[in-house]
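Notes follow the structure.
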Amino acid sequence: MMKLAILFFILLLAPVIRESLESVMVLHMFLQLPLLILVGVLLHGNRNWRFLEKWNDNGVAGMLLAVGVLIFWMLPRSLDDALTEIELEIWKFASLPLLGFLWKNSWRKIGGIFKSFLYINFLSMFGLLAWLYLGTPVQICNNYLINEQHIVGAVYLSSVLVLLLNLLYIVFFRGLGEEAE
Amino acid sequence: MTKKWCNRIAIIVSIILVVWMWFIGTDGFTAFTAETARKNNLIETKPKFPEVILEDSKERTYTMEAFRGKNVFITFVYTACTTVCPELERNFAEVYQSIPPSYIGEELIFLTISFDPERDDPETLENYRQYFHSDGETWRMARIPDQLQLESLLDAFGVIVIPDKYDGFSHNSAFYFVNKDGYLENVLDYTDIKAASEYVVGRLEREI
């Protein structure tokens, strides 16, 4: 797992792959960023990290940091600056694997209410971003064209729909089924 | 017991790290898009309008020296643009109309600069000028024929122009206020006509 993570990371760092992913907004946002998060998840694997057993016992601290990083990378500016400023590009390649790592470590530990909160929070946040990217006539990211913005908005909107359908399924089908039993 | 405390400390550290990261990334919660950051930075550094040769709709050529002693209010467009530019120029015209006539031409010149010199020759600019009822004197429309000079200006004023696949450009838009000495003094939101005209009038009144 760890070797796979490192291999993945090196591949993503390779100039050719890096530049081609970053040249298209939707690939940058919905392929490069998630893959970097995946690197962190793979790196964590199924090991019990002793250090985090002590410091991230209930998963709250790790989850807060992970969500904080995720929200940071959803700010339109972060994506723009990663293209023009090397510091932010480095931070991207460091913070996103960390996010994945912490997420993997924390998700099992946190309670149901926190999980539900995160779910609803991301549902509404993606909805807001979809509305922002689809609705605005102005260019939000200086380095990408407006029609690329619309594609990103559409992807956000589809992920909202998927999350919503999944939620409805959990509540009305699985939830009611379990209750009947 | 110690585990509980470790957890609490970790939570506090996490929150501090997150807030700090957001704070740094948005210049202290003031700029959430690169465009706002760009404007804030320009207003802070006040770059000089570079020495470039303009060619206007009446085929006259000059540099910004021609406007020395006058403030210049500027927009950047290309005439083939069908989306933002017409709106930008309509709003520009409204600001023009809202300025007391005694200032126009004396204290303040309006200038529309095209970043598409290949297509926007004086003849095209002349048509564009008439379309927006600019007089060609106190509101001039000009191109910068030399590509290198054009780029130096766009660079200095942070205008980002990306060619798209439909023979057009994606670009950021704003009103630029250049003072009597040729330094950029403010970058204004082109969608807020009232605020722009209040700023310009206030600025001119202070000077007299």
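Going through the structure tokens in order, the chains are called A, B, and so on, while each chain numbers its residues from 1 and the ligands are numbered from 1 in the order shown.
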Kindly assemble as a Markdown table a list of the chain A residues that lie within 9 Å of chain B, each paired with its nearest atom pair and their distance in Å to one decimal, using only C-alpha atoms, sorted first by chain and then by ascending residue number.
| residue | atom | partner | partner_atom | distance |
| --- | --- | --- | --- | --- |
| A:Glu53 | CA | B:Lys3 | CA | 8.7 |
| A:Lys54 | CA | B:Lys3 | CA | 5.7 |
| A:Trp55 | CA | B:Asn7 | CA | 5.2 |
| A:Asn56 | CA | B:Asn7 | CA | 5.9 |
| A:Asp57 | CA | B:Asn7 | CA | 6.4 |
| A:Asn58 | CA | B:Asn7 | CA | 7.3 |
| A:Gly59 | CA | B:Asn7 | CA | 8.5 |
| A:Val60 | CA | B:Ile11 | CA | 6.7 |
| A:Ala61 | CA | B:Ile11 | CA | 4.1 |
| A:Gly62 | CA | B:Ser14 | CA | 7.3 |
| A:Met63 | CA | B:Ser14 | CA | 8.8 |
| A:Leu64 | CA | B:Ser14 | CA | 6.4 |
| A:Leu65 | CA | B:Ser14 | CA | 5.2 |
| A:Ala66 | CA | B:Val18 | CA | 8.9 |
| A:Val67 | CA | B:Val18 | CA | 8.8 |
| A:Gly68 | CA | B:Val18 | CA | 5.3 |
| A:Val69 | CA | B:Val18 | CA | 6.9 |
| A:Ile71 | CA | B:Trp22 | CA | 8.8 |
| A:Phe72 | CA | B:Trp22 | CA | 6.3 |
| A:Leu75 | CA | B:Phe32 | CA | 6.4 |
| A:Pro76 | CA | B:Thr33 | CA | 5.5 |
| A:Arg77 | CA | B:Thr33 | CA | 4.1 |
| A:Ser78 | CA | B:Gly25 | CA | 7.0 |
| A:Leu79 | CA | B:Ala34 | CA | 8.9 |
| A:Asp80 | CA | B:Ala34 | CA | 6.3 |
| A:Asp81 | CA | B:Ala34 | CA | 6.9 |
| A:Leu88 | CA | B:Gly25 | CA | 8.9 |
| A:Pro137 | CA | B:Val84 | CA | 8.0 |
| A:Val138 | CA | B:Val84 | CA | 7.8 |
| A:Gln139 | CA | B:Asn172 | CA | 6.7 |
| A:Ile140 | CA | B:Thr33 | CA | 6.6 |
| A:Cys141 | CA | B:Ala34 | CA | 6.7 |
| A:Asn142 | CA | B:Glu35 | CA | 6.6 |
| A:Asn143 | CA | B:Ile162 | CA | 7.8 |
| A:Tyr144 | CA | B:Ser170 | CA | 8.0 |
| A:Leu145 | CA | B:Ser170 | CA | 5.6 |
| A:Ile146 | CA | B:Ser170 | CA | 7.0 |
Mind dumping the selected residues with N, CA, C and O atoms as a short mmCIF file (atom, residue, chain, number, x, y, z; two decimals), in the first residue's frame?
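File out_38.cif, as written:
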data_model
loop_
_atom_site.label_atom_id
_atom_site.label_comp_id
_atom_site.auth_asym_id
_atom_site.auth_seq_id
_atom_site.Cartn_x
_atom_site.Cartn_y
_atom_site.Cartn_z
N GLU A 53 -3.04 7.35 17.81
CA GLU A 53 -3.94 6.76 18.79
C GLU A 53 -4.01 7.64 20.03
O GLU A 53 -5.03 7.73 20.69
N LYS A 54 -2.89 8.24 20.31
CA LYS A 54 -2.85 9.10 21.49
C LYS A 54 -3.43 10.49 21.18
O LYS A 54 -4.25 11.00 21.92
N TRP A 55 -2.99 11.07 20.06
CA TRP A 55 -3.34 12.46 19.77
C TRP A 55 -4.64 12.61 18.99
O TRP A 55 -5.21 13.69 18.92
N ASN A 56 -5.08 11.56 18.38
CA ASN A 56 -6.31 11.67 17.59
C ASN A 56 -7.25 10.53 17.98
O ASN A 56 -7.81 9.84 17.15
N ASP A 57 -7.40 10.39 19.30
CA ASP A 57 -8.12 9.24 19.84
C ASP A 57 -9.58 9.20 19.39
O ASP A 57 -10.10 8.17 18.98
N ASN A 58 -10.26 10.36 19.46
CA ASN A 58 -11.68 10.37 19.07
C ASN A 58 -11.88 10.86 17.63
O ASN A 58 -13.00 10.99 17.18
N GLY A 59 -10.78 11.15 16.94
CA GLY A 59 -10.87 11.51 15.53
C GLY A 59 -11.28 12.95 15.24
O GLY A 59 -11.26 13.37 14.09
N VAL A 60 -11.63 13.68 16.29
CA VAL A 60 -12.14 15.04 16.05
C VAL A 60 -11.05 15.97 15.53
O VAL A 60 -11.24 16.68 14.53
N ALA A 61 -9.90 15.95 16.19
CA ALA A 61 -8.81 16.85 15.79
C ALA A 61 -8.40 16.59 14.34
O ALA A 61 -8.28 17.52 13.54
N GLY A 62 -8.20 15.33 14.01
CA GLY A 62 -7.78 14.97 12.65
C GLY A 62 -8.82 15.39 11.62
O GLY A 62 -8.49 15.91 10.55
N MET A 63 -10.07 15.18 11.96
CA MET A 63 -11.14 15.50 11.02
C MET A 63 -11.25 17.00 10.82
O MET A 63 -11.44 17.46 9.68
N LEU A 64 -11.13 17.76 11.89
CA LEU A 64 -11.19 19.23 11.77
C LEU A 64 -10.10 19.73 10.83
O LEU A 64 -10.35 20.55 9.95
N LEU A 65 -8.90 19.22 11.03
CA LEU A 65 -7.78 19.65 10.19
C LEU A 65 -8.02 19.25 8.73
O LEU A 65 -7.82 20.04 7.81
N ALA A 66 -8.49 18.02 8.55
CA ALA A 66 -8.73 17.52 7.19
C ALA A 66 -9.79 18.38 6.49
O ALA A 66 -9.62 18.79 5.34
N VAL A 67 -10.89 18.66 7.19
CA VAL A 67 -11.97 19.45 6.59
C VAL A 67 -11.48 20.88 6.32
O VAL A 67 -11.80 21.46 5.28
N GLY A 68 -10.68 21.39 7.25
CA GLY A 68 -10.12 22.74 7.06
C GLY A 68 -9.29 22.83 5.79
O GLY A 68 -9.40 23.78 5.02
N VAL A 69 -8.46 21.81 5.58
CA VAL A 69 -7.63 21.78 4.36
C VAL A 69 -8.53 21.67 3.12
O VAL A 69 -8.32 22.36 2.12
N ILE A 71 -11.64 22.64 2.70
CA ILE A 71 -12.33 23.91 2.42
C ILE A 71 -11.35 24.91 1.82
O ILE A 71 -11.68 25.64 0.89
N PHE A 72 -10.13 24.90 2.34
CA PHE A 72 -9.10 25.80 1.80
C PHE A 72 -8.94 25.59 0.29
O PHE A 72 -8.88 26.55 -0.48
N LEU A 75 -11.59 27.19 -2.05
CA LEU A 75 -11.59 28.63 -2.33
C LEU A 75 -11.07 28.82 -3.75
O LEU A 75 -10.05 28.27 -4.11
N PRO A 76 -11.80 29.58 -4.57
CA PRO A 76 -11.36 29.75 -5.96
C PRO A 76 -9.92 30.27 -6.04
O PRO A 76 -9.17 29.93 -6.95
N ARG A 77 -9.55 31.05 -5.08
CA ARG A 77 -8.24 31.67 -5.13
C ARG A 77 -7.09 30.67 -4.99
O ARG A 77 -6.05 30.81 -5.63
N SER A 78 -7.30 29.65 -4.15
CA SER A 78 -6.23 28.69 -3.89
C SER A 78 -5.79 28.01 -5.18
O SER A 78 -4.60 27.85 -5.45
N LEU A 79 -6.79 27.62 -5.98
CA LEU A 79 -6.51 26.92 -7.22
C LEU A 79 -5.72 27.83 -8.18
O LEU A 79 -4.77 27.41 -8.83
N ASP A 80 -6.14 29.08 -8.24
CA ASP A 80 -5.48 30.07 -9.08
C ASP A 80 -4.03 30.28 -8.64
O ASP A 80 -3.11 30.28 -9.45
N ASP A 81 -3.87 30.49 -7.33
CA ASP A 81 -2.55 30.79 -6.81
C ASP A 81 -1.59 29.61 -6.94
O ASP A 81 -0.38 29.79 -7.08
N LEU A 88 2.43 27.83 -2.98
CA LEU A 88 1.11 27.22 -2.87
C LEU A 88 1.07 25.86 -3.56
O LEU A 88 0.36 24.97 -3.13
N PRO A 137 -21.60 35.40 -14.22
CA PRO A 137 -21.09 35.74 -15.54
C PRO A 137 -19.62 36.15 -15.50
O PRO A 137 -18.97 36.22 -16.53
N VAL A 138 -19.08 36.44 -14.33
CA VAL A 138 -17.69 36.88 -14.26
C VAL A 138 -16.77 35.69 -14.08
O VAL A 138 -17.16 34.63 -13.61
N GLN A 139 -15.54 35.92 -14.46
CA GLN A 139 -14.53 34.89 -14.36
C GLN A 139 -14.06 34.82 -12.91
O GLN A 139 -13.57 35.80 -12.38
N ILE A 140 -14.21 33.67 -12.29
CA ILE A 140 -13.81 33.56 -10.88
C ILE A 140 -12.33 33.24 -10.77
O ILE A 140 -11.63 33.78 -9.94
N CYS A 141 -11.87 32.34 -11.63
CA CYS A 141 -10.46 32.01 -11.64
C CYS A 141 -9.81 32.73 -12.82
O CYS A 141 -10.24 32.57 -13.96
N ASN A 142 -8.80 33.51 -12.54
CA ASN A 142 -8.16 34.29 -13.60
C ASN A 142 -7.44 33.42 -14.62
O ASN A 142 -7.25 33.83 -15.76
N ASN A 143 -7.02 32.24 -14.19
CA ASN A 143 -6.20 31.42 -15.09
C ASN A 143 -7.01 30.44 -15.93
O ASN A 143 -6.44 29.68 -16.70
N TYR A 144 -8.31 30.43 -15.75
CA TYR A 144 -9.13 29.50 -16.53
C TYR A 144 -10.26 30.24 -17.24
O TYR A 144 -10.72 31.28 -16.78
N LEU A 145 -10.70 29.68 -18.35
CA LEU A 145 -11.77 30.30 -19.13
C LEU A 145 -13.11 30.13 -18.43
O LEU A 145 -13.29 29.23 -17.61
N ILE A 146 -14.07 30.97 -18.82
CA ILE A 146 -15.38 30.94 -18.17
C ILE A 146 -16.09 29.61 -18.43
O ILE A 146 -16.72 29.06 -17.53
#
Spatial neighbours of Val200 (chain B), 12 Å, only C-alpha atoms, chain gap at least 6 places, as a list in words: Asn71, Val72, Phe73, Ile74, Val95, Tyr96, Ser98, Ile99, Pro100, Tyr103, Ile104, Glu107, Leu108, Ile109, Phe110, Phe175, Tyr176, Phe177, Val178, Asn179, Glu185, Asn186, Val187, Leu188, Ile193, Lys194, Arg206 and Glu207 of chain B
Expected answer as JSON, numbers by chain: helix (DSSP H, G or I) residues in region 30-173 of chain B: {"B": [34, 35, 36, 37, 38, 39, 40, 41, 42, 43, 44, 45, 64, 65, 66, 67, 84, 85, 86, 87, 88, 89, 90, 91, 92, 93, 94, 95, 96, 97, 98, 122, 123, 124, 125, 126, 127, 128, 129, 130, 131, 147, 148, 149, 150, 151, 152, 153, 154, 155, 156]}
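Across A:Leu134, A:Leu98, A:Ser106, A:Pro34, the tightest approach to Leu157 (chain A) is made by A:Leu134 when counting only C-alpha atoms.
Distance annotation: of B:Asp155, B:Asp181, B:Glu198, B:Glu89, the residue with the minimal separation from Leu42 (chain B) is B:Asp155; atom set is only C-alpha atoms.
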Closest of B:Asn40, B:Thr30, B:Thr45, B:Thr75 to Phe115 (chain B) - atom-to-atom distances counting only C-alpha atoms: B:Thr75
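Residues in contact range of Val52 (chain B), defined as at most 8 Å between only C-alpha atoms, with sequence neighbours fewer than 3 positions away removed, read B:Thr63, B:Met64, B:Ile144, B:Gln149, B:Leu150, B:Leu153.
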